[in-house]
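A.B. asks: Before I ask anything, let me first share the structure, which is written out below as structure tokens.
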Amino acid sequence: MSNDDFNMSMRKFLKQVGVTSQQAIEEAMRNGGQSDQVYAVKAVITIDGLDMVHEVSGNITGRDAT
């Protein structure tokens with residue numbers, strides 16, 4: 001696989017992760033999020049066959065569902 005193919009496949013995957021994650025978070029907040037609550041969030045990415053686990057943690061502040 002060339003570097004260009006690798007970069008394109010990685011960017012495509014990361015874009016899919018970002019877009020679908022944002023949609024899922026927004027839906028969860030609409031269905032039960034509170035505007036005054038801070039939610040702990042964690043994303044975990046693994047690569048089978050490479051024994052790689054990458055975790056990113058942070059906080060998301062709730063917002064009004066309007």
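Going by the structure tokens order, chains are called A, B, ..., each with residues numbered from 1, while ligands are numbered from 1 in the order shown.
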Do you know which residues are at most 12 Å from Ile25 of chain A counting only C-alpha atoms, after dropping those on the same chain fewer than 2 positions away, and could you put them as a PyMOL selection string?
C.D. replies: chain A and resi 17-23+27-33+39-43+59-63
A.B. asks: Mind checking DSSP for segment 18-49 of chain A and telling me the strand (DSSP E) residues as a PyMOL selection string?
C.D. replies: chain A and resi 38-47
A.B. asks: Kindly save the residues from that selection, with C-alpha atoms included, as an mmCIF file, in the first residue's frame.
C.D. replies:
```cif
data_model
loop_
_atom_site.group_PDB
_atom_site.id
_atom_site.type_symbol
_atom_site.label_atom_id
_atom_site.label_comp_id
_atom_site.auth_asym_id
_atom_site.auth_seq_id
_atom_site.Cartn_x
_atom_site.Cartn_y
_atom_site.Cartn_z
ATOM 1 C CA VAL A 38 -20.913 17.724 32.637
ATOM 2 C CA TYR A 39 -20.578 14.263 31.133
ATOM 3 C CA ALA A 40 -17.358 12.246 31.145
ATOM 4 C CA VAL A 41 -16.697 10.808 27.705
ATOM 5 C CA LYS A 42 -14.151 8.284 26.459
ATOM 6 C CA ALA A 43 -13.357 7.037 22.973
ATOM 7 C CA VAL A 44 -11.388 3.842 22.438
ATOM 8 C CA ILE A 45 -9.815 2.873 19.125
ATOM 9 C CA THR A 46 -8.254 -0.536 18.668
ATOM 10 C CA ILE A 47 -6.495 -2.171 15.754
#
```
A.B. asks: When DSSP is applied to the backbone of this structure, which of chain A are assigned alpha helix (DSSP H)? Write them out as a ChimeraX atom specification.
C.D. replies: /A:3-32
A.B. asks: Take the selection from the previous step and output its residues with N, CA and C atoms, as a PDB file, in the first residue's frame.
C.D. replies:
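Saved the output as part_12.pdb:
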```
ATOM      1  N   ASN A   3       1.848   5.287   0.471  1.00  0.00           N
ATOM      2  CA  ASN A   3       1.571   6.276   1.519  1.00  0.00           C
ATOM      3  C   ASN A   3       0.269   7.012   1.246  1.00  0.00           C
ATOM      4  N   ASP A   4      -0.004   7.335  -0.025  1.00  0.00           N
ATOM      5  CA  ASP A   4      -1.246   8.036  -0.369  1.00  0.00           C
ATOM      6  C   ASP A   4      -2.466   7.181  -0.033  1.00  0.00           C
ATOM      7  N   ASP A   5      -2.406   5.886  -0.369  1.00  0.00           N
ATOM      8  CA  ASP A   5      -3.517   4.982  -0.061  1.00  0.00           C
ATOM      9  C   ASP A   5      -3.711   4.870   1.454  1.00  0.00           C
ATOM     10  N   PHE A   6      -2.608   4.748   2.182  1.00  0.00           N
ATOM     11  CA  PHE A   6      -2.667   4.667   3.642  1.00  0.00           C
ATOM     12  C   PHE A   6      -3.289   5.929   4.224  1.00  0.00           C
ATOM     13  N   ASN A   7      -2.805   7.088   3.801  1.00  0.00           N
ATOM     14  CA  ASN A   7      -3.325   8.351   4.324  1.00  0.00           C
ATOM     15  C   ASN A   7      -4.802   8.523   4.005  1.00  0.00           C
ATOM     16  N   MET A   8      -5.210   8.180   2.803  1.00  0.00           N
ATOM     17  CA  MET A   8      -6.618   8.323   2.418  1.00  0.00           C
ATOM     18  C   MET A   8      -7.507   7.386   3.229  1.00  0.00           C
ATOM     19  N   SER A   9      -7.075   6.140   3.426  1.00  0.00           N
ATOM     20  CA  SER A   9      -7.896   5.192   4.184  1.00  0.00           C
ATOM     21  C   SER A   9      -7.984   5.610   5.647  1.00  0.00           C
ATOM     22  N   MET A  10      -6.897   6.123   6.204  1.00  0.00           N
ATOM     23  CA  MET A  10      -6.911   6.579   7.588  1.00  0.00           C
ATOM     24  C   MET A  10      -7.808   7.804   7.738  1.00  0.00           C
ATOM     25  N   ARG A  11      -7.704   8.759   6.839  1.00  0.00           N
ATOM     26  CA  ARG A  11      -8.543   9.963   6.904  1.00  0.00           C
ATOM     27  C   ARG A  11     -10.016   9.619   6.736  1.00  0.00           C
ATOM     28  N   LYS A  12     -10.321   8.687   5.862  1.00  0.00           N
ATOM     29  CA  LYS A  12     -11.701   8.262   5.659  1.00  0.00           C
ATOM     30  C   LYS A  12     -12.253   7.649   6.947  1.00  0.00           C
ATOM     31  N   PHE A  13     -11.468   6.792   7.586  1.00  0.00           N
ATOM     32  CA  PHE A  13     -11.895   6.176   8.846  1.00  0.00           C
ATOM     33  C   PHE A  13     -12.092   7.231   9.928  1.00  0.00           C
ATOM     34  N   LEU A  14     -11.129   8.138  10.080  1.00  0.00           N
ATOM     35  CA  LEU A  14     -11.231   9.153  11.130  1.00  0.00           C
ATOM     36  C   LEU A  14     -12.401  10.106  10.879  1.00  0.00           C
ATOM     37  N   LYS A  15     -12.690  10.408   9.631  1.00  0.00           N
ATOM     38  CA  LYS A  15     -13.851  11.247   9.318  1.00  0.00           C
ATOM     39  C   LYS A  15     -15.130  10.524   9.713  1.00  0.00           C
ATOM     40  N   GLN A  16     -15.211   9.235   9.413  1.00  0.00           N
ATOM     41  CA  GLN A  16     -16.383   8.445   9.782  1.00  0.00           C
ATOM     42  C   GLN A  16     -16.538   8.398  11.299  1.00  0.00           C
ATOM     43  N   VAL A  17     -15.446   8.213  12.024  1.00  0.00           N
ATOM     44  CA  VAL A  17     -15.490   8.207  13.486  1.00  0.00           C
ATOM     45  C   VAL A  17     -16.007   9.546  13.995  1.00  0.00           C
ATOM     46  N   GLY A  18     -15.471  10.630  13.479  1.00  0.00           N
ATOM     47  CA  GLY A  18     -15.863  11.955  13.946  1.00  0.00           C
ATOM     48  C   GLY A  18     -17.319  12.269  13.671  1.00  0.00           C
ATOM     49  N   VAL A  19     -17.767  12.017  12.448  1.00  0.00           N
ATOM     50  CA  VAL A  19     -19.138  12.359  12.057  1.00  0.00           C
ATOM     51  C   VAL A  19     -20.136  11.489  12.812  1.00  0.00           C
ATOM     52  N   THR A  20     -19.922  10.180  12.829  1.00  0.00           N
ATOM     53  CA  THR A  20     -20.886   9.296  13.486  1.00  0.00           C
ATOM     54  C   THR A  20     -20.877   9.480  14.997  1.00  0.00           C
ATOM     55  N   SER A  21     -19.729   9.772  15.570  1.00  0.00           N
ATOM     56  CA  SER A  21     -19.657  10.015  17.012  1.00  0.00           C
ATOM     57  C   SER A  21     -20.402  11.286  17.383  1.00  0.00           C
ATOM     58  N   GLN A  22     -20.220  12.344  16.614  1.00  0.00           N
ATOM     59  CA  GLN A  22     -20.924  13.596  16.882  1.00  0.00           C
ATOM     60  C   GLN A  22     -22.430  13.382  16.792  1.00  0.00           C
ATOM     61  N   GLN A  23     -22.880  12.658  15.780  1.00  0.00           N
ATOM     62  CA  GLN A  23     -24.311  12.395  15.631  1.00  0.00           C
ATOM     63  C   GLN A  23     -24.851  11.605  16.817  1.00  0.00           C
ATOM     64  N   ALA A  24     -24.128  10.590  17.266  1.00  0.00           N
ATOM     65  CA  ALA A  24     -24.574   9.771  18.391  1.00  0.00           C
ATOM     66  C   ALA A  24     -24.619  10.575  19.681  1.00  0.00           C
ATOM     67  N   ILE A  25     -23.621  11.430  19.893  1.00  0.00           N
ATOM     68  CA  ILE A  25     -23.595  12.269  21.096  1.00  0.00           C
ATOM     69  C   ILE A  25     -24.749  13.264  21.077  1.00  0.00           C
ATOM     70  N   GLU A  26     -24.979  13.902  19.944  1.00  0.00           N
ATOM     71  CA  GLU A  26     -26.069  14.860  19.837  1.00  0.00           C
ATOM     72  C   GLU A  26     -27.420  14.194  20.087  1.00  0.00           C
ATOM     73  N   GLU A  27     -27.619  12.996  19.554  1.00  0.00           N
ATOM     74  CA  GLU A  27     -28.870  12.278  19.778  1.00  0.00           C
ATOM     75  C   GLU A  27     -29.034  11.915  21.254  1.00  0.00           C
ATOM     76  N   ALA A  28     -27.970  11.445  21.883  1.00  0.00           N
ATOM     77  CA  ALA A  28     -28.039  11.108  23.305  1.00  0.00           C
ATOM     78  C   ALA A  28     -28.385  12.330  24.141  1.00  0.00           C
ATOM     79  N   MET A  29     -27.823  13.475  23.790  1.00  0.00           N
ATOM     80  CA  MET A  29     -28.106  14.700  24.532  1.00  0.00           C
ATOM     81  C   MET A  29     -29.555  15.140  24.327  1.00  0.00           C
ATOM     82  N   ARG A  30     -30.073  14.990  23.110  1.00  0.00           N
ATOM     83  CA  ARG A  30     -31.476  15.333  22.846  1.00  0.00           C
ATOM     84  C   ARG A  30     -32.420  14.423  23.633  1.00  0.00           C
ATOM     85  N   ASN A  31     -32.021  13.173  23.791  1.00  0.00           N
ATOM     86  CA  ASN A  31     -32.887  12.192  24.438  1.00  0.00           C
ATOM     87  C   ASN A  31     -32.761  12.155  25.956  1.00  0.00           C
ATOM     88  N   GLY A  32     -31.848  12.886  26.523  1.00  0.00           N
ATOM     89  CA  GLY A  32     -31.758  12.823  27.972  1.00  0.00           C
ATOM     90  C   GLY A  32     -30.710  13.700  28.600  1.00  0.00           C
TER      91      GLY A  32
END
```
